[in-house]
file run29.cif (mmCIF, C-alpha atoms)
data_model
loop_
_atom_site.group_PDB
_atom_site.id
_atom_site.type_symbol
_atom_site.label_atom_id
_atom_site.label_comp_id
_atom_site.auth_asym_id
_atom_site.auth_seq_id
_atom_site.Cartn_x
_atom_site.Cartn_y
_atom_site.Cartn_z
ATOM 1 C CA MET A 508 13.994 -16.376 -4.918
ATOM 2 C CA VAL A 509 12.270 -12.976 -5.066
ATOM 3 C CA THR A 510 9.064 -12.659 -7.062
ATOM 4 C CA VAL A 511 8.024 -9.197 -8.228
ATOM 5 C CA LEU A 512 4.290 -8.738 -8.756
ATOM 6 C CA LEU A 513 3.749 -5.973 -11.298
ATOM 7 C CA CYS A 514 0.111 -5.077 -11.958
ATOM 8 C CA THR A 515 -0.647 -3.287 -15.225
ATOM 9 C CA TYR A 516 -3.604 -1.496 -16.740
ATOM 10 C CA ASN A 517 -3.204 0.742 -19.804
ATOM 11 C CA GLY A 518 0.378 1.446 -18.811
ATOM 12 C CA GLU A 519 2.074 1.640 -22.201
ATOM 13 C CA LYS A 520 3.592 5.035 -21.451
ATOM 14 C CA TYR A 521 5.743 3.899 -18.537
ATOM 15 C CA VAL A 522 5.697 0.106 -18.175
ATOM 16 C CA ARG A 523 8.751 -0.587 -20.350
ATOM 17 C CA GLU A 524 10.922 1.723 -18.254
ATOM 18 C CA GLN A 525 9.738 0.118 -15.027
ATOM 19 C CA ILE A 526 10.258 -3.472 -16.167
ATOM 20 C CA GLU A 527 13.715 -2.617 -17.479
ATOM 21 C CA SER A 528 14.618 -1.010 -14.143
ATOM 22 C CA ILE A 529 13.644 -4.235 -12.373
ATOM 23 C CA LEU A 530 15.590 -6.357 -14.849
ATOM 24 C CA THR A 531 18.765 -4.401 -14.028
ATOM 25 C CA GLN A 532 18.602 -5.128 -10.282
ATOM 26 C CA SER A 533 21.870 -6.071 -8.585
ATOM 27 C CA CYS A 534 20.229 -9.288 -7.360
ATOM 28 C CA GLU A 535 20.071 -12.193 -9.814
ATOM 29 C CA ASP A 536 17.669 -14.668 -8.230
ATOM 30 C CA PHE A 537 14.325 -13.089 -9.074
ATOM 31 C CA SER A 538 11.462 -13.268 -11.516
ATOM 32 C CA ILE A 539 8.741 -10.855 -12.599
ATOM 33 C CA VAL A 540 5.065 -11.727 -12.769
ATOM 34 C CA VAL A 541 3.206 -9.165 -14.852
ATOM 35 C CA SER A 542 -0.537 -9.328 -14.269
ATOM 36 C CA ASP A 543 -2.651 -7.304 -16.677
ATOM 37 C CA ASP A 544 -6.154 -6.149 -15.798
ATOM 38 C CA GLY A 545 -7.619 -5.800 -19.291
ATOM 39 C CA SER A 546 -5.394 -3.181 -20.920
ATOM 40 C CA LYS A 547 -6.702 -1.745 -24.191
ATOM 41 C CA ASP A 548 -3.508 0.065 -25.197
ATOM 42 C CA GLY A 549 -0.041 -1.191 -26.106
ATOM 43 C CA THR A 550 0.849 -2.579 -22.671
ATOM 44 C CA LEU A 551 0.611 -6.263 -23.590
ATOM 45 C CA PRO A 552 2.728 -6.031 -26.778
ATOM 46 C CA ILE A 553 5.447 -4.258 -24.754
ATOM 47 C CA VAL A 554 5.383 -6.946 -22.067
ATOM 48 C CA ARG A 555 5.500 -9.745 -24.632
ATOM 49 C CA GLU A 556 8.417 -8.095 -26.397
ATOM 50 C CA LEU A 557 10.354 -7.941 -23.130
ATOM 51 C CA MET A 558 9.424 -11.548 -22.375
ATOM 52 C CA GLU A 559 11.014 -12.644 -25.655
ATOM 53 C CA LYS A 560 14.061 -10.515 -24.980
ATOM 54 C CA HIS A 561 14.503 -11.951 -21.459
ATOM 55 C CA PRO A 562 13.343 -15.594 -21.664
ATOM 56 C CA GLY A 563 12.390 -17.179 -18.361
ATOM 57 C CA LYS A 564 12.551 -13.929 -16.433
ATOM 58 C CA ILE A 565 9.021 -12.584 -17.013
ATOM 59 C CA ARG A 566 5.671 -14.350 -16.784
ATOM 60 C CA LEU A 567 2.430 -12.801 -17.995
ATOM 61 C CA ILE A 568 -1.002 -13.328 -16.462
ATOM 62 C CA GLU A 569 -4.127 -11.802 -18.025
ATOM 63 C CA GLN A 570 -6.975 -11.329 -15.576
ATOM 64 C CA ASN A 571 -10.240 -12.507 -17.129
ATOM 65 C CA PRO A 572 -12.517 -11.025 -16.084
ATOM 66 C CA PRO A 573 -10.562 -7.941 -14.976
ATOM 67 C CA THR A 574 -10.531 -7.212 -11.248
ATOM 68 C CA GLY A 575 -11.337 -3.542 -11.831
ATOM 69 C CA SER A 576 -9.126 -1.972 -9.160
ATOM 70 C CA ALA A 577 -5.526 -1.924 -7.982
ATOM 71 C CA GLU A 578 -6.387 -3.176 -4.501
ATOM 72 C CA ARG A 579 -8.390 -6.177 -5.721
ATOM 73 C CA HIS A 580 -5.805 -6.914 -8.402
ATOM 74 C CA PHE A 581 -2.830 -7.179 -6.031
ATOM 75 C CA LEU A 582 -4.756 -9.025 -3.329
ATOM 76 C CA LYS A 583 -6.177 -11.508 -5.859
ATOM 77 C CA LEU A 584 -2.650 -12.364 -6.983
ATOM 78 C CA LEU A 585 -1.600 -12.976 -3.398
ATOM 79 C CA ALA A 586 -4.755 -14.789 -2.290
ATOM 80 C CA GLU A 587 -4.742 -17.170 -5.258
ATOM 81 C CA LYS A 588 -0.958 -17.640 -5.030
ATOM 82 C CA GLN A 589 -0.548 -16.626 -8.662
ATOM 83 C CA TYR A 590 2.956 -15.402 -7.845
ATOM 84 C CA GLY A 591 4.444 -18.913 -7.854
ATOM 85 C CA ILE A 592 6.953 -20.212 -5.322
ATOM 86 C CA GLY A 593 9.037 -17.186 -4.395
ATOM 87 C CA ASP A 594 10.345 -16.974 -0.835
ATOM 88 C CA TYR A 595 9.875 -13.208 -0.939
ATOM 89 C CA ILE A 596 7.343 -11.073 -2.789
ATOM 90 C CA MET A 597 7.742 -7.459 -3.863
ATOM 91 C CA LEU A 598 4.934 -5.337 -5.268
ATOM 92 C CA SER A 599 5.435 -2.968 -8.162
ATOM 93 C CA ASP A 600 3.329 -0.282 -9.783
ATOM 94 C CA GLN A 601 3.618 0.065 -13.530
ATOM 95 C CA ASP A 602 4.919 3.624 -13.561
ATOM 96 C CA ASP A 603 7.675 3.632 -10.912
ATOM 97 C CA VAL A 604 11.388 3.283 -11.624
ATOM 98 C CA TRP A 605 13.518 1.187 -9.274
ATOM 99 C CA ASP A 606 17.049 2.005 -8.231
ATOM 100 C CA ALA A 607 19.452 -0.811 -9.120
ATOM 101 C CA ARG A 608 19.922 -1.909 -5.477
ATOM 102 C CA LYS A 609 16.302 -1.643 -4.287
ATOM 103 C CA MET A 610 15.776 -5.387 -4.249
ATOM 104 C CA GLU A 611 19.175 -6.156 -2.751
ATOM 105 C CA LYS A 612 18.889 -3.665 0.108
ATOM 106 C CA THR A 613 15.323 -4.659 0.935
ATOM 107 C CA LEU A 614 16.217 -8.340 0.865
ATOM 108 C CA MET A 615 19.186 -7.764 3.181
ATOM 109 C CA GLU A 616 16.886 -6.092 5.711
ATOM 110 C CA MET A 617 14.339 -8.872 5.367
ATOM 111 C CA GLN A 618 16.926 -11.590 5.933
ATOM 112 C CA ALA A 619 18.292 -9.724 8.948
ATOM 113 C CA LEU A 620 14.785 -9.768 10.442
ATOM 114 C CA GLU A 621 14.477 -13.475 9.744
ATOM 115 C CA VAL A 622 17.645 -14.071 11.741
ATOM 116 C CA ILE A 623 15.901 -12.429 14.705
ATOM 117 C CA TYR A 624 12.357 -13.757 14.300
ATOM 118 C CA GLY A 625 12.727 -16.817 12.061
ATOM 119 C CA LYS A 626 11.245 -17.481 8.634
ATOM 120 C CA ASP A 627 7.909 -18.545 10.103
ATOM 121 C CA LYS A 628 7.260 -15.017 11.369
ATOM 122 C CA PRO A 629 5.198 -12.848 8.960
ATOM 123 C CA LEU A 630 7.477 -9.961 7.993
ATOM 124 C CA LEU A 631 7.104 -6.783 5.952
ATOM 125 C CA VAL A 632 9.942 -4.461 4.942
ATOM 126 C CA HIS A 633 9.323 -1.172 3.149
ATOM 127 C CA CYS A 634 11.413 1.785 2.052
ATOM 128 C CA ASP A 635 11.128 5.441 1.163
ATOM 129 C CA SER A 636 11.027 6.774 -2.399
ATOM 130 C CA GLU A 637 11.902 9.886 -4.371
ATOM 131 C CA VAL A 638 8.936 11.792 -5.764
ATOM 132 C CA VAL A 639 9.437 12.729 -9.421
ATOM 133 C CA ASP A 640 7.319 14.203 -12.202
ATOM 134 C CA GLN A 641 6.336 12.527 -15.461
ATOM 135 C CA GLU A 642 9.794 13.145 -16.909
ATOM 136 C CA LEU A 643 11.546 11.827 -13.770
ATOM 137 C CA LYS A 644 12.580 15.297 -12.647
ATOM 138 C CA ALA A 645 12.933 15.508 -8.872
ATOM 139 C CA VAL A 646 9.978 16.875 -6.900
ATOM 140 C CA SER A 647 11.029 15.703 -3.433
ATOM 141 C CA PRO A 648 13.846 13.435 -2.221
ATOM 142 C CA SER A 649 11.485 11.712 0.211
ATOM 143 C CA TYR A 650 7.892 10.567 -0.289
ATOM 144 C CA VAL A 651 7.614 10.102 3.473
ATOM 145 C CA GLU A 652 8.553 13.716 4.160
ATOM 146 C CA TYR A 653 6.501 14.980 1.214
ATOM 147 C CA GLN A 654 3.392 13.271 2.578
ATOM 148 C CA LYS A 655 4.310 13.960 6.217
ATOM 149 C CA MET A 656 4.124 10.264 7.043
ATOM 150 C CA THR A 657 5.412 8.594 10.193
ATOM 151 C CA PRO A 658 6.565 5.027 9.446
ATOM 152 C CA GLU A 659 7.326 4.485 13.141
ATOM 153 C CA ARG A 660 3.583 4.382 13.745
ATOM 154 C CA LYS A 661 3.020 0.722 12.892
ATOM 155 C CA GLY A 662 0.669 -0.511 15.602
ATOM 156 C CA LEU A 663 -2.603 -2.138 14.554
ATOM 157 C CA ASN A 664 -4.608 0.686 16.133
ATOM 158 C CA GLN A 665 -2.597 3.305 14.233
ATOM 159 C CA LEU A 666 -2.666 1.553 10.868
ATOM 160 C CA LEU A 667 -6.436 1.151 11.061
ATOM 161 C CA VAL A 668 -6.804 4.900 10.549
ATOM 162 C CA GLN A 669 -3.603 5.963 8.787
ATOM 163 C CA ASN A 670 -1.563 3.765 6.508
ATOM 164 C CA ASN A 671 2.195 4.330 6.502
ATOM 165 C CA VAL A 672 3.154 1.558 4.072
ATOM 166 C CA VAL A 673 3.261 2.136 0.306
ATOM 167 C CA GLY A 674 2.661 -0.880 -1.932
ATOM 168 C CA GLY A 675 5.482 -0.187 -4.361
ATOM 169 C CA ALA A 676 7.913 0.110 -1.442
ATOM 170 C CA MET A 677 7.242 -3.234 0.203
ATOM 171 C CA MET A 678 8.660 -6.726 0.361
ATOM 172 C CA ILE A 679 6.865 -9.457 2.275
ATOM 173 C CA ASN A 680 8.051 -12.929 3.159
ATOM 174 C CA ARG A 681 6.181 -16.137 2.353
ATOM 175 C CA ALA A 682 4.900 -16.450 5.928
ATOM 176 C CA LEU A 683 3.024 -13.172 5.509
ATOM 177 C CA ALA A 684 1.862 -13.952 1.978
ATOM 178 C CA GLU A 685 0.362 -17.231 3.193
ATOM 179 C CA LEU A 686 -1.940 -15.303 5.548
ATOM 180 C CA ILE A 687 -3.628 -13.570 2.626
ATOM 181 C CA THR A 688 -6.090 -16.214 1.491
ATOM 182 C CA GLU A 689 -8.984 -14.215 0.073
ATOM 183 C CA VAL A 690 -9.827 -10.791 -1.277
ATOM 184 C CA PRO A 691 -11.755 -8.794 1.358
ATOM 185 C CA GLU A 692 -15.144 -7.425 0.406
ATOM 186 C CA HIS A 693 -14.079 -4.034 1.745
ATOM 187 C CA CYS A 694 -10.529 -2.721 1.471
ATOM 188 C CA VAL A 695 -9.296 0.881 1.391
ATOM 189 C CA MET A 696 -6.110 -0.135 -0.453
ATOM 190 C CA HIS A 697 -4.102 -3.333 -0.798
ATOM 191 C CA ASP A 698 -1.026 -1.911 0.921
ATOM 192 C CA GLN A 699 -3.009 -0.921 4.002
ATOM 193 C CA TRP A 700 -4.617 -4.367 4.178
ATOM 194 C CA ILE A 701 -1.236 -6.105 3.948
ATOM 195 C CA ALA A 702 0.160 -3.733 6.580
ATOM 196 C CA LEU A 703 -2.735 -4.600 8.914
ATOM 197 C CA VAL A 704 -1.969 -8.309 8.540
ATOM 198 C CA ALA A 705 1.713 -7.671 9.262
ATOM 199 C CA ALA A 706 0.915 -5.481 12.275
ATOM 200 C CA ALA A 707 -1.469 -8.040 13.765
ATOM 201 C CA PHE A 708 0.632 -11.159 13.307
ATOM 202 C CA GLY A 709 4.201 -10.167 12.511
ATOM 203 C CA GLU A 710 6.713 -7.371 12.276
ATOM 204 C CA ILE A 711 7.149 -4.285 10.087
ATOM 205 C CA ARG A 712 10.511 -2.640 9.394
ATOM 206 C CA PHE A 713 11.136 0.645 7.541
ATOM 207 C CA ILE A 714 14.273 1.451 5.544
ATOM 208 C CA PRO A 715 14.773 5.262 5.685
ATOM 209 C CA GLU A 716 16.277 5.405 2.216
ATOM 210 C CA SER A 717 14.673 6.313 -1.118
ATOM 211 C CA LEU A 718 15.162 3.205 -3.229
ATOM 212 C CA TYR A 719 12.874 3.971 -6.151
ATOM 213 C CA LYS A 720 11.279 6.834 -8.022
ATOM 214 C CA TYR A 721 7.582 7.418 -7.429
ATOM 215 C CA ARG A 722 6.253 9.078 -10.565
ATOM 216 C CA GLN A 723 3.613 11.718 -9.896
ATOM 217 C CA HIS A 724 1.219 12.317 -12.777
ATOM 218 C CA GLY A 725 -2.439 12.856 -13.556
ATOM 219 C CA SER A 726 -3.163 9.155 -14.116
ATOM 220 C CA ASN A 727 -1.974 7.942 -10.708
ATOM 221 C CA VAL A 728 -4.564 5.952 -8.817
ATOM 222 C CA LEU A 729 -3.310 7.672 -5.674
ATOM 223 C CA GLY A 730 -1.134 10.659 -6.436
ATOM 224 C CA ALA A 731 1.469 12.108 -4.124
ATOM 225 C CA GLU A 732 -0.098 15.386 -3.096
ATOM 226 C CA LYS A 733 2.177 17.375 -0.856
ATOM 227 C CA GLY A 734 1.083 17.368 2.748
ATOM 228 C CA SER A 735 0.614 20.859 4.166
ATOM 229 C CA ARG A 736 -0.772 21.480 7.639
ATOM 230 C CA ILE A 737 -2.446 24.760 6.746
ATOM 231 C CA MET A 738 -3.836 23.535 3.417
ATOM 232 C CA GLU A 739 -5.127 20.330 4.985
ATOM 233 C CA VAL A 740 -7.078 22.334 7.559
ATOM 234 C CA LEU A 741 -8.371 24.834 4.979
ATOM 235 C CA GLY A 742 -9.168 22.013 2.580
ATOM 236 C CA ARG A 743 -11.515 20.538 5.146
ATOM 237 C CA PHE A 744 -13.585 23.697 4.743
ATOM 238 C CA GLY A 745 -13.321 23.770 0.948
ATOM 239 C CA ILE A 746 -10.793 26.623 0.925
ATOM 240 C CA GLY A 747 -7.829 26.722 -1.430
ATOM 241 C CA ARG A 748 -8.280 23.239 -2.877
ATOM 242 C CA LYS A 749 -6.499 22.688 -6.182
ATOM 243 C CA ASP A 750 -9.059 20.119 -7.320
ATOM 244 C CA GLY A 751 -11.868 22.661 -7.002
ATOM 245 C CA LYS A 752 -14.009 20.502 -4.714
ATOM 246 C CA SER A 753 -16.524 22.302 -2.519
ATOM 247 C CA LYS A 754 -16.829 21.840 1.233
ATOM 248 C CA ALA A 755 -19.922 19.657 0.693
ATOM 249 C CA GLU A 756 -18.023 17.455 -1.748
ATOM 250 C CA MET A 757 -15.095 17.195 0.639
ATOM 251 C CA ASP A 758 -17.402 16.295 3.529
ATOM 252 C CA GLU A 759 -19.021 13.535 1.483
ATOM 253 C CA HIS A 760 -15.622 12.258 0.376
ATOM 254 C CA SER A 761 -14.443 12.191 4.003
ATOM 255 C CA ARG A 762 -17.562 10.311 5.095
ATOM 256 C CA LYS A 763 -17.063 7.780 2.303
ATOM 257 C CA VAL A 764 -13.428 7.193 3.275
ATOM 258 C CA TYR A 765 -14.334 6.729 6.936
ATOM 259 C CA ARG A 766 -17.196 4.351 6.079
ATOM 260 C CA GLU A 767 -14.855 2.179 4.020
ATOM 261 C CA MET A 768 -12.251 2.331 6.778
ATOM 262 C CA PHE A 769 -14.711 0.887 9.316
ATOM 263 C CA LEU A 770 -16.014 -1.719 6.864
ATOM 264 C CA GLN A 771 -12.419 -2.742 6.197
ATOM 265 C CA ALA A 772 -11.864 -3.217 9.933
ATOM 266 C CA GLU A 773 -15.021 -5.338 10.179
ATOM 267 C CA CYS A 774 -13.807 -7.526 7.306
ATOM 268 C CA PHE A 775 -10.427 -7.885 8.981
ATOM 269 C CA ARG A 776 -12.043 -8.861 12.292
ATOM 270 C CA GLU A 777 -14.213 -11.508 10.623
ATOM 271 C CA MET A 778 -11.540 -12.901 8.314
ATOM 272 C CA TYR A 779 -8.854 -13.352 10.984
ATOM 273 C CA GLU A 780 -11.022 -14.028 14.039
ATOM 274 C CA SER A 781 -9.442 -17.424 14.739
ATOM 275 C CA ARG A 782 -5.912 -15.950 14.738
ATOM 276 C CA LEU A 783 -6.529 -12.720 16.634
ATOM 277 C CA SER A 784 -5.775 -12.430 20.334
ATOM 278 C CA GLU A 785 -8.565 -11.403 22.700
ATOM 279 C CA GLN A 786 -6.895 -8.031 23.115
ATOM 280 C CA GLN A 787 -6.808 -7.513 19.342
ATOM 281 C CA LYS A 788 -10.465 -8.501 19.049
ATOM 282 C CA LYS A 789 -11.412 -5.969 21.713
ATOM 283 C CA LEU A 790 -9.375 -3.294 19.940
ATOM 284 C CA LEU A 791 -11.107 -3.991 16.605
ATOM 285 C CA ASP A 792 -14.525 -4.127 18.257
ATOM 286 C CA SER A 793 -13.849 -0.774 19.877
ATOM 287 C CA PHE A 794 -12.786 0.723 16.558
ATOM 288 C CA VAL A 795 -15.799 -0.473 14.559
ATOM 289 C CA SER A 796 -18.126 0.766 17.315
ATOM 290 C CA ILE A 797 -17.070 4.393 16.763
ATOM 291 C CA PRO A 798 -19.780 5.286 14.180
ATOM 292 C CA GLU A 799 -22.518 4.122 16.581
ATOM 293 C CA LYS A 800 -21.477 6.532 19.331
ATOM 294 C CA ASN A 801 -22.377 10.172 19.857
ATOM 295 C CA ARG A 802 -19.769 12.854 19.223
ATOM 296 C CA ILE A 803 -18.292 12.768 22.735
ATOM 297 C CA GLY A 804 -18.280 8.977 22.739
ATOM 298 C CA LYS A 805 -16.474 8.910 19.405
ATOM 299 C CA ILE A 806 -13.766 11.271 20.617
ATOM 300 C CA ILE A 807 -13.258 9.305 23.854
ATOM 301 C CA THR A 808 -12.989 6.006 21.965
ATOM 302 C CA ILE A 809 -10.557 7.481 19.417
ATOM 303 C CA LEU A 810 -8.269 8.852 22.104
ATOM 304 C CA ARG A 811 -8.467 5.861 24.456
ATOM 305 C CA GLY A 812 -7.836 3.361 21.672
ATOM 306 C CA GLY A 813 -5.039 5.353 20.102
ATOM 307 C CA PHE A 814 -6.964 5.490 16.817
ATOM 308 C CA THR A 815 -5.263 8.766 16.015
ATOM 309 C CA TYR A 816 -3.307 10.356 13.209
ATOM 310 C CA ASN A 817 0.343 11.339 13.373
ATOM 311 C CA MET A 818 -0.382 15.057 13.686
ATOM 312 C CA LEU A 819 -2.691 16.894 16.078
ATOM 313 C CA HIS A 820 -4.562 18.794 13.366
ATOM 314 C CA ARG A 821 -5.267 15.539 11.511
ATOM 315 C CA THR A 822 -6.647 13.943 14.671
ATOM 316 C CA VAL A 823 -8.768 17.050 15.324
ATOM 317 C CA GLY A 824 -10.106 16.765 11.775
ATOM 318 C CA GLU A 825 -10.845 13.082 12.397
ATOM 319 C CA CYS A 826 -12.830 13.941 15.524
ATOM 320 C CA LEU A 827 -14.741 16.682 13.686
ATOM 321 C CA PHE A 828 -15.560 14.881 10.451
ATOM 322 C CA ILE A 829 -15.719 11.195 11.313
ATOM 323 C CA CYS A 830 -19.085 9.720 10.382
#
call {"tool": "encode", "arguments": {"input": "run29.cif", "output": "structure tokens"}}
result
Amino acid sequence: MVTVLLCTYNGEKYVREQIESILTQSCEDFSIVVSDDGSKDGTLPIVRELMEKHPGKIRLIEQNPPTGSAERHFLKLLAEKQYGIGDYIMLSDQDDVWDARKMEKTLMEMQALEVIYGKDKPLLVHCDSEVVDQELKAVSPSYVEYQKMTPERKGLNQLLVQNNVVGGAMMINRALAELITEVPEHCVMHDQWIALVAAAFGEIRFIPESLYKYRQHGSNVLGAEKGSRIMEVLGRFGIGRKDGKSKAEMDEHSRKVYREMFLQAECFREMYESRLSEQQKKLLDSFVSIPEKNRIGKIITILRGGFTYNMLHRTVGECLFIC
């Protein structure tokens, strides 16, 4: 049984299309858990209508009080086991559109991994996606290429600084879901947290195929902004940014992101201390010590620990702007 966790918040514009795309999956043994975070628009009436139309296939949970963020919402569902008894869990954003065989192909890869590692091994499988606009017109055939991501970089040290797993692309098995027992006080995003758990205690596998449409629009929590080496470098100095942010604003934003990244690592270290190997503990301790060091010490620790980005200019930016 596959359980799809679909988190909603004021998603009336797109949620019907997404739920219907899940309902038309080539797999049959699945259910959808829609968890709403206090929507004020027409989201809930749409979900209830679809529940009546497809009895037994959709379950609705209303978060009261609301969690207030996508990362807390997804992790709360997993930590409190609100997803039920599914052997496999897939995450879904409210505005994507799944290809008909997304679930089937991901499940096949997951089951192939379980043949190798067994069902007791925490496993995560994720895929690529097509980037589209609000009207589902193609922007890029590959989110991974569009964002210049490197899914092969899946070590704990690498994922601490650069996440390569997208929430709406993932399936996790029950063994991995069982390791998520509480919502961390600090978390950059839910998909990065789940990827860290998988990297530390299990295996991650990437399917290099776009199996759903990632809709890019102004309301995205995290939009797909095209990765450009030149514009990334210039953006660090406040030049040519489309959002109009100044260099000072960008510097403060970078510092905030890095602070949360280190706090996330501290939370991870504390939460999983009893399960981590001594080598993993040393790696995490080294990472969280970076802000306390001088500039040279930071750079040495980053390079020695492999706490680097997938491109040289991104790692240079990390060394220049890290708090």
call {"tool": "closest_residue", "arguments": {"input": "run29.cif", "among": "A:Gly709, A:Pro573, A:Pro715, A:Pro658", "to": "A:Glu637", "atoms": "all atoms listed in the file"}}
result
A:Pro715
call {"tool": "residues_around", "arguments": {"input": "run29.cif", "residues": "stretch 544-554 of chain A", "least_positions_apart": "2", "cutoff": "8 Å", "atoms": "all atoms listed in the file", "output": "PyMOL selection string"}}
result
chain A and resi 514-519+522-523+541-542+556-558+567+569-575+580
call {"tool": "closest_residue", "arguments": {"input": "run29.cif", "among": "A:Gln589, A:Ser781, A:Ser796, A:Ser761", "to": "A:Ala684", "atoms": "all atoms listed in the file"}}
result
A:Gln589
call {"tool": "resolve_selection", "arguments": {"input": "run29.cif", "expression": "the PyMOL selection byres ((chain A and resi 718) around 8)", "output": "list in words"}}
result
Trp605, Asp606, Arg608, Lys609, Cys634, Asp635, Ser636, Glu637, Glu716, Ser717, Tyr719 and Lys720 of chain A
call {"tool": "closest_residue", "arguments": {"input": "run29.cif", "among": "A:Glu785, A:Asp792, A:Glu616, A:Glu685", "to": "A:Ala705", "atoms": "all atoms listed in the file"}}
result
A:Glu685
call {"tool": "residues_around", "arguments": {"input": "run29.cif", "residues": "A:Ser533", "least_positions_apart": "4", "cutoff": "8 Å", "atoms": "all atoms listed in the file", "output": "list in words"}}
result
Ala607, Arg608, Met610 and Glu611 of chain A
call {"tool": "resolve_selection", "arguments": {"input": "run29.cif", "expression": "the PyMOL selection byres ((chain A and resi 683) around 9)", "output": "mmCIF file with C-alpha atoms, in the coordinates of the input"}}
result
data_model
loop_
_atom_site.group_PDB
_atom_site.id
_atom_site.type_symbol
_atom_site.label_atom_id
_atom_site.label_comp_id
_atom_site.auth_asym_id
_atom_site.auth_seq_id
_atom_site.Cartn_x
_atom_site.Cartn_y
_atom_site.Cartn_z
ATOM 1 C CA ASP A 627 7.909 -18.545 10.103
ATOM 2 C CA LYS A 628 7.260 -15.017 11.369
ATOM 3 C CA PRO A 629 5.198 -12.848 8.960
ATOM 4 C CA LEU A 630 7.477 -9.961 7.993
ATOM 5 C CA LEU A 631 7.104 -6.783 5.952
ATOM 6 C CA ILE A 679 6.865 -9.457 2.275
ATOM 7 C CA ASN A 680 8.051 -12.929 3.159
ATOM 8 C CA ARG A 681 6.181 -16.137 2.353
ATOM 9 C CA ALA A 682 4.900 -16.450 5.928
ATOM 10 C CA ALA A 684 1.862 -13.952 1.978
ATOM 11 C CA GLU A 685 0.362 -17.231 3.193
ATOM 12 C CA LEU A 686 -1.940 -15.303 5.548
ATOM 13 C CA ILE A 687 -3.628 -13.570 2.626
ATOM 14 C CA ILE A 701 -1.236 -6.105 3.948
ATOM 15 C CA VAL A 704 -1.969 -8.309 8.540
ATOM 16 C CA ALA A 705 1.713 -7.671 9.262
ATOM 17 C CA PHE A 708 0.632 -11.159 13.307
ATOM 18 C CA GLY A 709 4.201 -10.167 12.511
#
call {"tool": "resolve_selection", "arguments": {"input": "run29.cif", "expression": "the PyMOL selection byres ((chain A and resi 669-672) around 8)", "output": "list in words"}}
result
His633, Met656, Thr657, Pro658, Arg660, Lys661, Gln665, Leu666, Leu667, Val668, Val673, Gly674, Ala676, Met677, Asp698, Gln699, Ala702, Thr815 and Tyr816 of chain A
call {"tool": "closest_residue", "arguments": {"input": "run29.cif", "among": "A:Lys560, A:Arg579, A:Lys789, A:Arg722", "to": "A:Leu643", "atoms": "all atoms listed in the file"}}
result
A:Arg722
call {"tool": "closest_residue", "arguments": {"input": "run29.cif", "among": "A:Lys626, A:Arg776, A:Arg555, A:Lys800", "to": "A:Leu703", "atoms": "all atoms listed in the file"}}
result
A:Arg776
call {"tool": "atom_distance", "arguments": {"input": "run29.cif", "atom1": "atom CA of A:Leu530", "atom2": "atom CA of A:Tyr595"}}
result
16.5 Å
call {"tool": "closest_residue", "arguments": {"input": "run29.cif", "among": "A:Glu825, A:Met818, A:Gln786, A:Val622", "to": "A:Lys655", "atoms": "only C-alpha atoms"}}
result
A:Met818
call {"tool": "atom_distance", "arguments": {"input": "run29.cif", "atom1": "atom CA of A:Glu759", "atom2": "atom CA of A:Gly824"}}
result
14.0 Å
call {"tool": "residues_around", "arguments": {"input": "run29.cif", "residues": "A:Asp640", "least_positions_apart": "3", "cutoff": "7 Å", "atoms": "only C-alpha atoms", "output": "list in words"}}
result
Leu643, Lys644, Ala645, Val646, Arg722, Gln723 and His724 of chain A
call {"tool": "atom_distance", "arguments": {"input": "run29.cif", "atom1": "atom CA of A:Ser528", "atom2": "atom CA of A:Val604"}}
result
5.9 Å
call {"tool": "residues_around", "arguments": {"input": "run29.cif", "residues": "A:Lys583", "least_positions_apart": "5", "cutoff": "9 Å", "atoms": "only C-alpha atoms", "output": "list in words"}}
result
Thr574, Glu578, Lys588, Gln589, Thr688, Glu689 and Val690 of chain A
call {"tool": "write_last_selection", "arguments": {"input": "run29.cif", "atoms": "C-alpha atoms", "output": "short mmCIF file (atom, residue, chain, number, x, y, z; two decimals), in the coordinates of the input"}}
result
data_model
loop_
_atom_site.label_atom_id
_atom_site.label_comp_id
_atom_site.auth_asym_id
_atom_site.auth_seq_id
_atom_site.Cartn_x
_atom_site.Cartn_y
_atom_site.Cartn_z
CA THR A 574 -10.53 -7.21 -11.25
CA GLU A 578 -6.39 -3.18 -4.50
CA LYS A 588 -0.96 -17.64 -5.03
CA GLN A 589 -0.55 -16.63 -8.66
CA THR A 688 -6.09 -16.21 1.49
CA GLU A 689 -8.98 -14.22 0.07
CA VAL A 690 -9.83 -10.79 -1.28
#
call {"tool": "residues_around", "arguments": {"input": "run29.cif", "residues": "A:Gly813", "least_positions_apart": "6", "cutoff": "10 Å", "atoms": "all atoms listed in the file", "output": "list in words"}}
result
Gly662, Leu663, Asn664, Gln665, Val668, Leu790, Phe794 and Ile807 of chain A
call {"tool": "decode", "arguments": {"input": "run29.cif", "residues": "stretch 674-678 of chain A", "atoms": "N, CA and C atoms", "output": "short mmCIF file (atom, residue, chain, number, x, y, z; two decimals), in the first residue's frame"}}
result
data_model
loop_
_atom_site.label_atom_id
_atom_site.label_comp_id
_atom_site.auth_asym_id
_atom_site.auth_seq_id
_atom_site.Cartn_x
_atom_site.Cartn_y
_atom_site.Cartn_z
N GLY A 674 10.91 17.37 -2.25
CA GLY A 674 9.84 16.68 -1.54
C GLY A 674 8.82 16.02 -2.43
N GLY A 675 8.33 16.75 -3.43
CA GLY A 675 7.31 16.21 -4.31
C GLY A 675 7.80 15.11 -5.22
N ALA A 676 9.11 14.84 -5.20
CA ALA A 676 9.69 13.80 -6.06
C ALA A 676 9.94 12.50 -5.31
N MET A 677 9.74 12.50 -3.99
CA MET A 677 10.24 11.38 -3.20
C MET A 677 9.19 10.34 -2.80
N MET A 678 9.70 9.14 -2.62
CA MET A 678 9.00 8.05 -1.93
C MET A 678 9.93 7.52 -0.86
#
